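Structure file model.cif (mmCIF, N, CA, C and O atoms) follows.
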```
data_target
#
loop_
_atom_site.label_atom_id
_atom_site.label_comp_id
_atom_site.auth_asym_id
_atom_site.auth_seq_id
_atom_site.Cartn_x
_atom_site.Cartn_y
_atom_site.Cartn_z
N MET A 1 105.07 126.48 134.40
CA MET A 1 104.08 127.51 134.15
C MET A 1 103.94 127.73 132.65
O MET A 1 104.93 127.79 131.93
N VAL A 2 102.72 127.89 132.19
CA VAL A 2 102.45 128.09 130.77
C VAL A 2 102.47 129.58 130.47
O VAL A 2 101.90 130.39 131.19
N THR A 3 103.16 129.94 129.39
CA THR A 3 103.28 131.33 129.00
C THR A 3 102.05 131.76 128.19
O THR A 3 101.66 131.09 127.25
N LEU A 4 101.48 132.87 128.57
CA LEU A 4 100.33 133.44 127.88
C LEU A 4 100.80 134.12 126.60
O LEU A 4 101.79 134.84 126.62
N LYS A 5 100.10 133.88 125.50
CA LYS A 5 100.40 134.55 124.24
C LYS A 5 99.25 135.53 123.97
O LYS A 5 98.19 135.12 123.51
N PRO A 6 99.47 136.80 124.28
CA PRO A 6 98.37 137.78 124.17
C PRO A 6 97.69 137.81 122.81
O PRO A 6 96.47 137.97 122.73
N SER A 7 98.43 137.62 121.74
CA SER A 7 97.82 137.68 120.41
C SER A 7 96.84 136.54 120.18
O SER A 7 95.92 136.66 119.36
N GLU A 8 96.99 135.44 120.91
CA GLU A 8 96.11 134.29 120.73
C GLU A 8 95.20 134.05 121.95
O GLU A 8 94.14 133.44 121.80
N ASP A 9 95.64 134.46 123.12
CA ASP A 9 94.99 134.03 124.35
C ASP A 9 94.14 135.10 125.03
O ASP A 9 93.65 134.88 126.14
N ILE A 10 93.99 136.25 124.42
CA ILE A 10 93.09 137.28 124.94
C ILE A 10 92.05 137.55 123.87
O ILE A 10 92.40 137.89 122.74
N GLN A 11 90.79 137.32 124.21
CA GLN A 11 89.73 137.45 123.22
C GLN A 11 88.52 138.18 123.80
O GLN A 11 88.15 137.94 124.95
N PRO A 12 87.89 138.99 122.98
CA PRO A 12 86.64 139.61 123.42
C PRO A 12 85.55 138.54 123.60
O PRO A 12 85.54 137.53 122.90
N LEU A 13 84.67 138.78 124.53
CA LEU A 13 83.58 137.84 124.79
C LEU A 13 82.75 137.59 123.54
O LEU A 13 82.35 136.46 123.28
N SER A 14 82.54 138.62 122.73
CA SER A 14 81.74 138.45 121.50
C SER A 14 82.43 137.48 120.54
O SER A 14 81.76 136.67 119.89
N GLU A 15 83.74 137.53 120.45
CA GLU A 15 84.48 136.60 119.58
C GLU A 15 84.39 135.18 120.14
O GLU A 15 84.25 134.21 119.39
N PHE A 16 84.47 135.05 121.46
CA PHE A 16 84.32 133.74 122.08
C PHE A 16 82.95 133.15 121.78
O PHE A 16 82.84 131.98 121.42
N ARG A 17 81.91 133.95 121.89
CA ARG A 17 80.56 133.47 121.60
C ARG A 17 80.45 132.94 120.17
O ARG A 17 79.81 131.92 119.93
N ALA A 18 81.08 133.64 119.24
CA ALA A 18 81.00 133.26 117.84
C ALA A 18 81.84 132.02 117.52
O ALA A 18 81.55 131.32 116.56
N ASN A 19 82.88 131.78 118.31
CA ASN A 19 83.82 130.69 118.03
C ASN A 19 84.09 129.82 119.25
O ASN A 19 85.23 129.38 119.45
N ALA A 20 83.09 129.57 120.05
CA ALA A 20 83.29 128.87 121.32
C ALA A 20 83.96 127.50 121.14
O ALA A 20 84.90 127.16 121.87
N ALA A 21 83.52 126.72 120.18
CA ALA A 21 84.09 125.39 119.99
C ALA A 21 85.57 125.47 119.64
O ALA A 21 86.39 124.70 120.15
N ALA A 22 85.95 126.41 118.78
CA ALA A 22 87.36 126.56 118.39
C ALA A 22 88.20 127.03 119.57
O ALA A 22 89.34 126.57 119.73
N VAL A 23 87.66 127.92 120.38
CA VAL A 23 88.41 128.43 121.54
C VAL A 23 88.61 127.30 122.55
O VAL A 23 89.70 127.13 123.11
N LEU A 24 87.57 126.51 122.78
CA LEU A 24 87.70 125.37 123.70
C LEU A 24 88.75 124.38 123.20
O LEU A 24 89.55 123.87 123.98
N LYS A 25 88.75 124.13 121.91
CA LYS A 25 89.74 123.23 121.33
C LYS A 25 91.15 123.78 121.54
O LYS A 25 92.07 123.05 121.90
N GLN A 26 91.32 125.08 121.34
CA GLN A 26 92.61 125.74 121.55
C GLN A 26 93.07 125.57 122.99
O GLN A 26 94.22 125.23 123.25
N VAL A 27 92.18 125.79 123.95
CA VAL A 27 92.52 125.67 125.37
C VAL A 27 92.93 124.25 125.70
O VAL A 27 93.91 124.02 126.40
N GLN A 28 92.20 123.28 125.17
CA GLN A 28 92.51 121.88 125.46
C GLN A 28 93.83 121.45 124.82
O GLN A 28 94.60 120.71 125.43
N GLU A 29 94.11 121.92 123.61
CA GLU A 29 95.32 121.50 122.91
C GLU A 29 96.58 122.19 123.46
O GLU A 29 97.61 121.55 123.60
N THR A 30 96.48 123.48 123.74
CA THR A 30 97.66 124.24 124.18
C THR A 30 97.84 124.23 125.69
O THR A 30 98.94 124.49 126.18
N GLU A 31 96.76 123.97 126.42
CA GLU A 31 96.73 124.06 127.89
C GLU A 31 97.06 125.45 128.39
O GLU A 31 97.40 125.63 129.56
N ARG A 32 96.97 126.44 127.51
CA ARG A 32 97.14 127.84 127.93
C ARG A 32 95.76 128.41 128.23
O ARG A 32 94.79 128.11 127.53
N PRO A 33 95.64 129.22 129.26
CA PRO A 33 94.35 129.85 129.55
C PRO A 33 94.01 130.90 128.50
O PRO A 33 94.90 131.45 127.84
N VAL A 34 92.73 131.16 128.33
CA VAL A 34 92.26 132.24 127.46
C VAL A 34 91.57 133.26 128.35
O VAL A 34 90.69 132.91 129.16
N VAL A 35 91.97 134.51 128.22
CA VAL A 35 91.37 135.60 128.98
C VAL A 35 90.27 136.20 128.11
O VAL A 35 90.51 136.60 126.98
N LEU A 36 89.06 136.22 128.64
CA LEU A 36 87.93 136.82 127.93
C LEU A 36 87.74 138.24 128.43
O LEU A 36 87.78 138.49 129.64
N THR A 37 87.56 139.16 127.49
CA THR A 37 87.38 140.56 127.86
C THR A 37 85.97 141.01 127.53
O THR A 37 85.31 140.48 126.63
N GLN A 38 85.51 141.97 128.29
CA GLN A 38 84.21 142.59 128.07
C GLN A 38 84.41 144.09 128.25
O GLN A 38 84.92 144.51 129.30
N HIS A 39 84.07 144.85 127.23
CA HIS A 39 84.27 146.30 127.25
C HIS A 39 85.74 146.65 127.47
O HIS A 39 86.07 147.59 128.19
N GLY A 40 86.63 145.82 126.90
CA GLY A 40 88.06 146.10 126.98
C GLY A 40 88.74 145.73 128.28
O GLY A 40 89.92 146.00 128.46
N ARG A 41 88.01 145.11 129.19
CA ARG A 41 88.59 144.72 130.48
C ARG A 41 88.45 143.22 130.69
O ARG A 41 87.50 142.61 130.21
N GLY A 42 89.38 142.66 131.42
CA GLY A 42 89.31 141.23 131.72
C GLY A 42 88.03 140.89 132.44
O GLY A 42 87.65 141.56 133.40
N ALA A 43 87.34 139.84 131.98
CA ALA A 43 86.06 139.46 132.57
C ALA A 43 86.09 138.03 133.12
O ALA A 43 85.44 137.73 134.11
N ALA A 44 86.86 137.15 132.46
CA ALA A 44 86.89 135.75 132.89
C ALA A 44 88.13 135.08 132.29
O ALA A 44 88.71 135.58 131.33
N VAL A 45 88.48 133.93 132.87
CA VAL A 45 89.58 133.14 132.36
C VAL A 45 89.06 131.74 132.09
O VAL A 45 88.44 131.12 132.95
N LEU A 46 89.32 131.26 130.89
CA LEU A 46 88.92 129.91 130.49
C LEU A 46 90.15 129.03 130.61
O LEU A 46 91.20 129.34 130.03
N LEU A 47 90.03 127.94 131.36
CA LEU A 47 91.18 127.12 131.70
C LEU A 47 90.83 125.66 131.47
O LEU A 47 89.73 125.22 131.79
N ALA A 48 91.78 124.89 130.93
CA ALA A 48 91.57 123.45 130.75
C ALA A 48 91.35 122.81 132.12
O ALA A 48 91.94 123.22 133.12
N VAL A 49 90.52 121.80 132.16
CA VAL A 49 90.15 121.15 133.42
C VAL A 49 91.39 120.60 134.14
O VAL A 49 91.53 120.80 135.35
N ASN A 50 92.28 119.96 133.41
CA ASN A 50 93.45 119.39 134.08
C ASN A 50 94.36 120.47 134.67
O ASN A 50 94.95 120.29 135.72
N ARG A 51 94.46 121.63 134.00
CA ARG A 51 95.23 122.75 134.54
C ARG A 51 94.56 123.31 135.79
O ARG A 51 95.21 123.67 136.76
N TYR A 52 93.23 123.42 135.76
CA TYR A 52 92.48 123.90 136.92
C TYR A 52 92.69 122.96 138.11
O TYR A 52 92.96 123.40 139.22
N GLU A 53 92.56 121.66 137.86
CA GLU A 53 92.74 120.69 138.94
C GLU A 53 94.15 120.78 139.53
O GLU A 53 94.32 120.69 140.75
N ALA A 54 95.14 120.95 138.68
CA ALA A 54 96.52 121.08 139.16
C ALA A 54 96.69 122.32 140.03
O ALA A 54 97.36 122.28 141.07
N LEU A 55 96.07 123.42 139.63
CA LEU A 55 96.15 124.65 140.42
C LEU A 55 95.48 124.47 141.79
O LEU A 55 96.01 124.91 142.81
N VAL A 56 94.33 123.81 141.81
CA VAL A 56 93.61 123.59 143.07
C VAL A 56 94.44 122.69 143.98
O VAL A 56 94.57 122.96 145.18
N GLU A 57 95.00 121.63 143.42
CA GLU A 57 95.83 120.73 144.22
C GLU A 57 97.05 121.46 144.79
O GLU A 57 97.40 121.27 145.96
N GLU A 58 97.68 122.28 143.98
CA GLU A 58 98.84 123.04 144.45
C GLU A 58 98.45 124.01 145.56
O GLU A 58 99.15 124.14 146.56
N LEU A 59 97.34 124.68 145.39
CA LEU A 59 96.86 125.60 146.42
C LEU A 59 96.56 124.87 147.72
O LEU A 59 96.94 125.34 148.80
N GLU A 60 95.90 123.73 147.63
CA GLU A 60 95.60 122.95 148.82
C GLU A 60 96.89 122.51 149.52
O GLU A 60 96.99 122.56 150.75
N PHE A 61 97.87 122.08 148.75
CA PHE A 61 99.15 121.67 149.32
C PHE A 61 99.83 122.83 150.03
O PHE A 61 100.31 122.69 151.17
N LEU A 62 99.84 123.99 149.38
CA LEU A 62 100.48 125.17 149.98
C LEU A 62 99.76 125.61 151.24
O LEU A 62 100.41 126.10 152.18
N ARG A 63 98.47 125.47 151.28
CA ARG A 63 97.72 125.83 152.50
C ARG A 63 98.04 124.89 153.64
O ARG A 63 98.02 125.28 154.80
N ASP A 64 98.33 123.62 153.31
CA ASP A 64 98.64 122.63 154.33
C ASP A 64 100.05 122.80 154.89
O ASP A 64 100.33 122.34 156.00
N VAL A 65 100.92 123.43 154.15
CA VAL A 65 102.32 123.56 154.58
C VAL A 65 102.46 124.59 155.66
O VAL A 65 101.86 125.52 155.85
#
```
Structure translated into structure tokens:
Amino acid sequence: MVTLKPSEDIQPLSEFRANAAAVLKQVQETERPVVLTQHGRGAAVLLAVNRYEALVEELEFLRDV
């Protein structure tokens, strides 16, 4: 499991809009999710594709068990 670093991995949506390419690069390099906030509340999670696929595969496996 990847540890979330709040100082780096929680960002306001407005900051994401201004720096989308840099945030995507961060997600791909660190494989840590980024939590996007809107009005101070969690709104979405940005996740690297390979991490997303791994989560889906794990969920499917657990459902089959």
- Item | Evaluate the PyMOL selection byres ((chain A and resi 30-37) around 7) and report residues as a PyMOL selection string | chain A and resi 2-5+8-14+23-29+38-48+51
- From a DSSP calculation on the backbone, collect every residue of chain A in alpha helix (DSSP H) and output the set as JSON, numbers by chain. {"A": [6, 7, 8, 9, 13, 14, 15, 16, 17, 18, 20, 21, 22, 23, 24, 25, 26, 27, 28, 29, 30, 49, 50, 51, 52, 53, 54, 55, 56, 57, 58, 59, 60, 61, 62, 63, 64]}
Keeping only N, CA, C and O atoms, write those residues as a compact mmCIF listing (two decimals), in the frame of the given file.
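Once everything was written out, this is again.txt:
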```txt
# COMPACT_ATOMS: atom_id res chain seq x y z
N PRO A 6 99.47 136.80 124.28
CA PRO A 6 98.37 137.78 124.17
C PRO A 6 97.69 137.81 122.81
O PRO A 6 96.47 137.97 122.73
N SER A 7 98.43 137.62 121.74
CA SER A 7 97.82 137.68 120.41
C SER A 7 96.84 136.54 120.18
O SER A 7 95.92 136.66 119.36
N GLU A 8 96.99 135.44 120.91
CA GLU A 8 96.11 134.29 120.73
C GLU A 8 95.20 134.05 121.95
O GLU A 8 94.14 133.44 121.80
N ASP A 9 95.64 134.46 123.12
CA ASP A 9 94.99 134.03 124.35
C ASP A 9 94.14 135.10 125.03
O ASP A 9 93.65 134.88 126.14
N LEU A 13 84.67 138.78 124.53
CA LEU A 13 83.58 137.84 124.79
C LEU A 13 82.75 137.59 123.54
O LEU A 13 82.35 136.46 123.28
N SER A 14 82.54 138.62 122.73
CA SER A 14 81.74 138.45 121.50
C SER A 14 82.43 137.48 120.54
O SER A 14 81.76 136.67 119.89
N GLU A 15 83.74 137.53 120.45
CA GLU A 15 84.48 136.60 119.58
C GLU A 15 84.39 135.18 120.14
O GLU A 15 84.25 134.21 119.39
N PHE A 16 84.47 135.05 121.46
CA PHE A 16 84.32 133.74 122.08
C PHE A 16 82.95 133.15 121.78
O PHE A 16 82.84 131.98 121.42
N ARG A 17 81.91 133.95 121.89
CA ARG A 17 80.56 133.47 121.60
C ARG A 17 80.45 132.94 120.17
O ARG A 17 79.81 131.92 119.93
N ALA A 18 81.08 133.64 119.24
CA ALA A 18 81.00 133.26 117.84
C ALA A 18 81.84 132.02 117.52
O ALA A 18 81.55 131.32 116.56
N ALA A 20 83.09 129.57 120.05
CA ALA A 20 83.29 128.87 121.32
C ALA A 20 83.96 127.50 121.14
O ALA A 20 84.90 127.16 121.87
N ALA A 21 83.52 126.72 120.18
CA ALA A 21 84.09 125.39 119.99
C ALA A 21 85.57 125.47 119.64
O ALA A 21 86.39 124.70 120.15
N ALA A 22 85.95 126.41 118.78
CA ALA A 22 87.36 126.56 118.39
C ALA A 22 88.20 127.03 119.57
O ALA A 22 89.34 126.57 119.73
N VAL A 23 87.66 127.92 120.38
CA VAL A 23 88.41 128.43 121.54
C VAL A 23 88.61 127.30 122.55
O VAL A 23 89.70 127.13 123.11
N LEU A 24 87.57 126.51 122.78
CA LEU A 24 87.70 125.37 123.70
C LEU A 24 88.75 124.38 123.20
O LEU A 24 89.55 123.87 123.98
N LYS A 25 88.75 124.13 121.91
CA LYS A 25 89.74 123.23 121.33
C LYS A 25 91.15 123.78 121.54
O LYS A 25 92.07 123.05 121.90
N GLN A 26 91.32 125.08 121.34
CA GLN A 26 92.61 125.74 121.55
C GLN A 26 93.07 125.57 122.99
O GLN A 26 94.22 125.23 123.25
N VAL A 27 92.18 125.79 123.95
CA VAL A 27 92.52 125.67 125.37
C VAL A 27 92.93 124.25 125.70
O VAL A 27 93.91 124.02 126.40
N GLN A 28 92.20 123.28 125.17
CA GLN A 28 92.51 121.88 125.46
C GLN A 28 93.83 121.45 124.82
O GLN A 28 94.60 120.71 125.43
N GLU A 29 94.11 121.92 123.61
CA GLU A 29 95.32 121.50 122.91
C GLU A 29 96.58 122.19 123.46
O GLU A 29 97.61 121.55 123.60
N THR A 30 96.48 123.48 123.74
CA THR A 30 97.66 124.24 124.18
C THR A 30 97.84 124.23 125.69
O THR A 30 98.94 124.49 126.18
N VAL A 49 90.52 121.80 132.16
CA VAL A 49 90.15 121.15 133.42
C VAL A 49 91.39 120.60 134.14
O VAL A 49 91.53 120.80 135.35
N ASN A 50 92.28 119.96 133.41
CA ASN A 50 93.45 119.39 134.08
C ASN A 50 94.36 120.47 134.67
O ASN A 50 94.95 120.29 135.72
N ARG A 51 94.46 121.63 134.00
CA ARG A 51 95.23 122.75 134.54
C ARG A 51 94.56 123.31 135.79
O ARG A 51 95.21 123.67 136.76
N TYR A 52 93.23 123.42 135.76
CA TYR A 52 92.48 123.90 136.92
C TYR A 52 92.69 122.96 138.11
O TYR A 52 92.96 123.40 139.22
N GLU A 53 92.56 121.66 137.86
CA GLU A 53 92.74 120.69 138.94
C GLU A 53 94.15 120.78 139.53
O GLU A 53 94.32 120.69 140.75
N ALA A 54 95.14 120.95 138.68
CA ALA A 54 96.52 121.08 139.16
C ALA A 54 96.69 122.32 140.03
O ALA A 54 97.36 122.28 141.07
N LEU A 55 96.07 123.42 139.63
CA LEU A 55 96.15 124.65 140.42
C LEU A 55 95.48 124.47 141.79
O LEU A 55 96.01 124.91 142.81
N VAL A 56 94.33 123.81 141.81
CA VAL A 56 93.61 123.59 143.07
C VAL A 56 94.44 122.69 143.98
O VAL A 56 94.57 122.96 145.18
N GLU A 57 95.00 121.63 143.42
CA GLU A 57 95.83 120.73 144.22
C GLU A 57 97.05 121.46 144.79
O GLU A 57 97.40 121.27 145.96
N GLU A 58 97.68 122.28 143.98
CA GLU A 58 98.84 123.04 144.45
C GLU A 58 98.45 124.01 145.56
O GLU A 58 99.15 124.14 146.56
N LEU A 59 97.34 124.68 145.39
CA LEU A 59 96.86 125.60 146.42
C LEU A 59 96.56 124.87 147.72
O LEU A 59 96.94 125.34 148.80
N GLU A 60 95.90 123.73 147.63
CA GLU A 60 95.60 122.95 148.82
C GLU A 60 96.89 122.51 149.52
O GLU A 60 96.99 122.56 150.75
N PHE A 61 97.87 122.08 148.75
CA PHE A 61 99.15 121.67 149.32
C PHE A 61 99.83 122.83 150.03
O PHE A 61 100.31 122.69 151.17
N LEU A 62 99.84 123.99 149.38
CA LEU A 62 100.48 125.17 149.98
C LEU A 62 99.76 125.61 151.24
O LEU A 62 100.41 126.10 152.18
N ARG A 63 98.47 125.47 151.28
CA ARG A 63 97.72 125.83 152.50
C ARG A 63 98.04 124.89 153.64
O ARG A 63 98.02 125.28 154.80
N ASP A 64 98.33 123.62 153.31
CA ASP A 64 98.64 122.63 154.33
C ASP A 64 100.05 122.80 154.89
O ASP A 64 100.33 122.34 156.00
```
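Atom O of Ala22 (chain A) to CA of Val49 (chain A) spans 14.7 Å [interatomic distance, one decimal].
Of the residues in chain A, those that DSSP places in strand (DSSP E or B) on the basis of the backbone are Ile10, Gln11, Pro12, Val34, Val35, Leu36, Thr37, Gln38, Arg41, Gly42, Ala43, Ala44, Val45 and Leu46 of chain A.
Atom pair CA of Pro6 (chain A) / CA of Glu53 (chain A): separated by 23.3 Å.
Between atom C of Arg63 (chain A) and atom C of Asn50 (chain A) lies a distance of 19.8 Å.
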Box time for region 34-50 of chain A: axis-aligned, enclosing all its listed atoms, 5 Å extra on each side; report centre and edge lengths in Å to one decimal, as AutoDock Vina command-line options.
```
--center_x 89.5 --center_y 133.5 --center_z 131.2 --size_x 20.9 --size_y 38.2 --size_z 19.1
```
Completed region 23-34 of chain A (all heavy atoms) as a PDB file, in the coordinates of the input:
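Dumped to out-v3.pdb:
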```pdb
ATOM      1  N   VAL A  23      87.660 127.920 120.380  1.00  0.00           N
ATOM      2  CA  VAL A  23      88.410 128.430 121.540  1.00  0.00           C
ATOM      3  C   VAL A  23      88.610 127.300 122.550  1.00  0.00           C
ATOM      4  O   VAL A  23      89.700 127.130 123.110  1.00  0.00           O
ATOM      5  CB  VAL A  23      87.712 129.645 122.175  1.00  0.00           C
ATOM      6  CG1 VAL A  23      88.432 130.066 123.452  1.00  0.00           C
ATOM      7  CG2 VAL A  23      87.646 130.797 121.192  1.00  0.00           C
ATOM      8  N   LEU A  24      87.570 126.510 122.780  1.00  0.00           N
ATOM      9  CA  LEU A  24      87.700 125.370 123.700  1.00  0.00           C
ATOM     10  C   LEU A  24      88.750 124.380 123.200  1.00  0.00           C
ATOM     11  O   LEU A  24      89.550 123.870 123.980  1.00  0.00           O
ATOM     12  CB  LEU A  24      86.356 124.674 123.884  1.00  0.00           C
ATOM     13  CG  LEU A  24      85.337 125.408 124.728  1.00  0.00           C
ATOM     14  CD1 LEU A  24      83.998 124.692 124.702  1.00  0.00           C
ATOM     15  CD2 LEU A  24      85.823 125.571 126.151  1.00  0.00           C
ATOM     16  N   LYS A  25      88.750 124.130 121.910  1.00  0.00           N
ATOM     17  CA  LYS A  25      89.740 123.230 121.330  1.00  0.00           C
ATOM     18  C   LYS A  25      91.150 123.780 121.540  1.00  0.00           C
ATOM     19  O   LYS A  25      92.070 123.050 121.900  1.00  0.00           O
ATOM     20  CB  LYS A  25      89.465 123.034 119.845  1.00  0.00           C
ATOM     21  CG  LYS A  25      90.382 122.053 119.177  1.00  0.00           C
ATOM     22  CD  LYS A  25      90.010 121.853 117.721  1.00  0.00           C
ATOM     23  CE  LYS A  25      90.989 120.891 117.053  1.00  0.00           C
ATOM     24  NZ  LYS A  25      90.705 120.716 115.639  1.00  0.00           N
ATOM     25  N   GLN A  26      91.320 125.080 121.340  1.00  0.00           N
ATOM     26  CA  GLN A  26      92.610 125.740 121.550  1.00  0.00           C
ATOM     27  C   GLN A  26      93.070 125.570 122.990  1.00  0.00           C
ATOM     28  O   GLN A  26      94.220 125.230 123.250  1.00  0.00           O
ATOM     29  CB  GLN A  26      92.510 127.224 121.214  1.00  0.00           C
ATOM     30  CG  GLN A  26      93.738 128.022 121.565  1.00  0.00           C
ATOM     31  CD  GLN A  26      93.534 129.512 121.437  1.00  0.00           C
ATOM     32  OE1 GLN A  26      92.704 129.968 120.660  1.00  0.00           O
ATOM     33  NE2 GLN A  26      94.274 130.280 122.202  1.00  0.00           N
ATOM     34  N   VAL A  27      92.180 125.790 123.950  1.00  0.00           N
ATOM     35  CA  VAL A  27      92.520 125.670 125.370  1.00  0.00           C
ATOM     36  C   VAL A  27      92.930 124.250 125.700  1.00  0.00           C
ATOM     37  O   VAL A  27      93.910 124.020 126.400  1.00  0.00           O
ATOM     38  CB  VAL A  27      91.343 126.134 126.261  1.00  0.00           C
ATOM     39  CG1 VAL A  27      91.559 125.755 127.708  1.00  0.00           C
ATOM     40  CG2 VAL A  27      91.135 127.632 126.131  1.00  0.00           C
ATOM     41  N   GLN A  28      92.200 123.280 125.170  1.00  0.00           N
ATOM     42  CA  GLN A  28      92.510 121.880 125.460  1.00  0.00           C
ATOM     43  C   GLN A  28      93.830 121.450 124.820  1.00  0.00           C
ATOM     44  O   GLN A  28      94.600 120.710 125.430  1.00  0.00           O
ATOM     45  CB  GLN A  28      91.372 120.984 124.985  1.00  0.00           C
ATOM     46  CG  GLN A  28      90.120 121.186 125.803  1.00  0.00           C
ATOM     47  CD  GLN A  28      88.894 120.531 125.189  1.00  0.00           C
ATOM     48  OE1 GLN A  28      88.889 120.168 124.022  1.00  0.00           O
ATOM     49  NE2 GLN A  28      87.851 120.389 125.987  1.00  0.00           N
ATOM     50  N   GLU A  29      94.110 121.920 123.610  1.00  0.00           N
ATOM     51  CA  GLU A  29      95.320 121.500 122.910  1.00  0.00           C
ATOM     52  C   GLU A  29      96.580 122.190 123.460  1.00  0.00           C
ATOM     53  O   GLU A  29      97.610 121.550 123.600  1.00  0.00           O
ATOM     54  CB  GLU A  29      95.202 121.782 121.411  1.00  0.00           C
ATOM     55  CG  GLU A  29      94.228 120.860 120.716  1.00  0.00           C
ATOM     56  CD  GLU A  29      94.046 121.176 119.240  1.00  0.00           C
ATOM     57  OE1 GLU A  29      94.583 122.202 118.765  1.00  0.00           O
ATOM     58  OE2 GLU A  29      93.351 120.395 118.566  1.00  0.00           O
ATOM     59  N   THR A  30      96.480 123.480 123.740  1.00  0.00           N
ATOM     60  CA  THR A  30      97.660 124.240 124.180  1.00  0.00           C
ATOM     61  C   THR A  30      97.840 124.230 125.690  1.00  0.00           C
ATOM     62  O   THR A  30      98.940 124.490 126.180  1.00  0.00           O
ATOM     63  CB  THR A  30      97.579 125.704 123.729  1.00  0.00           C
ATOM     64  OG1 THR A  30      96.489 126.345 124.403  1.00  0.00           O
ATOM     65  CG2 THR A  30      97.415 125.813 122.230  1.00  0.00           C
ATOM     66  N   GLU A  31      96.760 123.970 126.420  1.00  0.00           N
ATOM     67  CA  GLU A  31      96.730 124.060 127.890  1.00  0.00           C
ATOM     68  C   GLU A  31      97.060 125.450 128.390  1.00  0.00           C
ATOM     69  O   GLU A  31      97.400 125.630 129.560  1.00  0.00           O
ATOM     70  CB  GLU A  31      97.623 122.996 128.524  1.00  0.00           C
ATOM     71  CG  GLU A  31      97.118 121.596 128.288  1.00  0.00           C
ATOM     72  CD  GLU A  31      97.807 120.560 129.142  1.00  0.00           C
ATOM     73  OE1 GLU A  31      98.683 120.916 129.961  1.00  0.00           O
ATOM     74  OE2 GLU A  31      97.456 119.375 129.002  1.00  0.00           O
ATOM     75  N   ARG A  32      96.970 126.440 127.510  1.00  0.00           N
ATOM     76  CA  ARG A  32      97.140 127.840 127.930  1.00  0.00           C
ATOM     77  C   ARG A  32      95.760 128.410 128.230  1.00  0.00           C
ATOM     78  O   ARG A  32      94.790 128.110 127.530  1.00  0.00           O
ATOM     79  CB  ARG A  32      97.788 128.672 126.819  1.00  0.00           C
ATOM     80  CG  ARG A  32      99.211 128.305 126.516  1.00  0.00           C
ATOM     81  CD  ARG A  32      99.880 129.317 125.601  1.00  0.00           C
ATOM     82  NE  ARG A  32      99.050 129.804 124.529  1.00  0.00           N
ATOM     83  CZ  ARG A  32      99.118 129.380 123.253  1.00  0.00           C
ATOM     84  NH1 ARG A  32      99.976 128.436 122.913  1.00  0.00           N
ATOM     85  NH2 ARG A  32      98.331 129.904 122.336  1.00  0.00           N
ATOM     86  N   PRO A  33      95.640 129.220 129.260  1.00  0.00           N
ATOM     87  CA  PRO A  33      94.350 129.850 129.550  1.00  0.00           C
ATOM     88  C   PRO A  33      94.010 130.900 128.500  1.00  0.00           C
ATOM     89  O   PRO A  33      94.900 131.450 127.840  1.00  0.00           O
ATOM     90  CB  PRO A  33      94.564 130.506 130.913  1.00  0.00           C
ATOM     91  CG  PRO A  33      96.031 130.723 130.991  1.00  0.00           C
ATOM     92  CD  PRO A  33      96.675 129.626 130.207  1.00  0.00           C
ATOM     93  N   VAL A  34      92.730 131.160 128.330  1.00  0.00           N
ATOM     94  CA  VAL A  34      92.260 132.240 127.460  1.00  0.00           C
ATOM     95  C   VAL A  34      91.570 133.260 128.350  1.00  0.00           C
ATOM     96  O   VAL A  34      90.690 132.910 129.160  1.00  0.00           O
ATOM     97  CB  VAL A  34      91.291 131.719 126.376  1.00  0.00           C
ATOM     98  CG1 VAL A  34      90.627 132.862 125.633  1.00  0.00           C
ATOM     99  CG2 VAL A  34      92.039 130.825 125.389  1.00  0.00           C
TER     100      VAL A  34
END
```
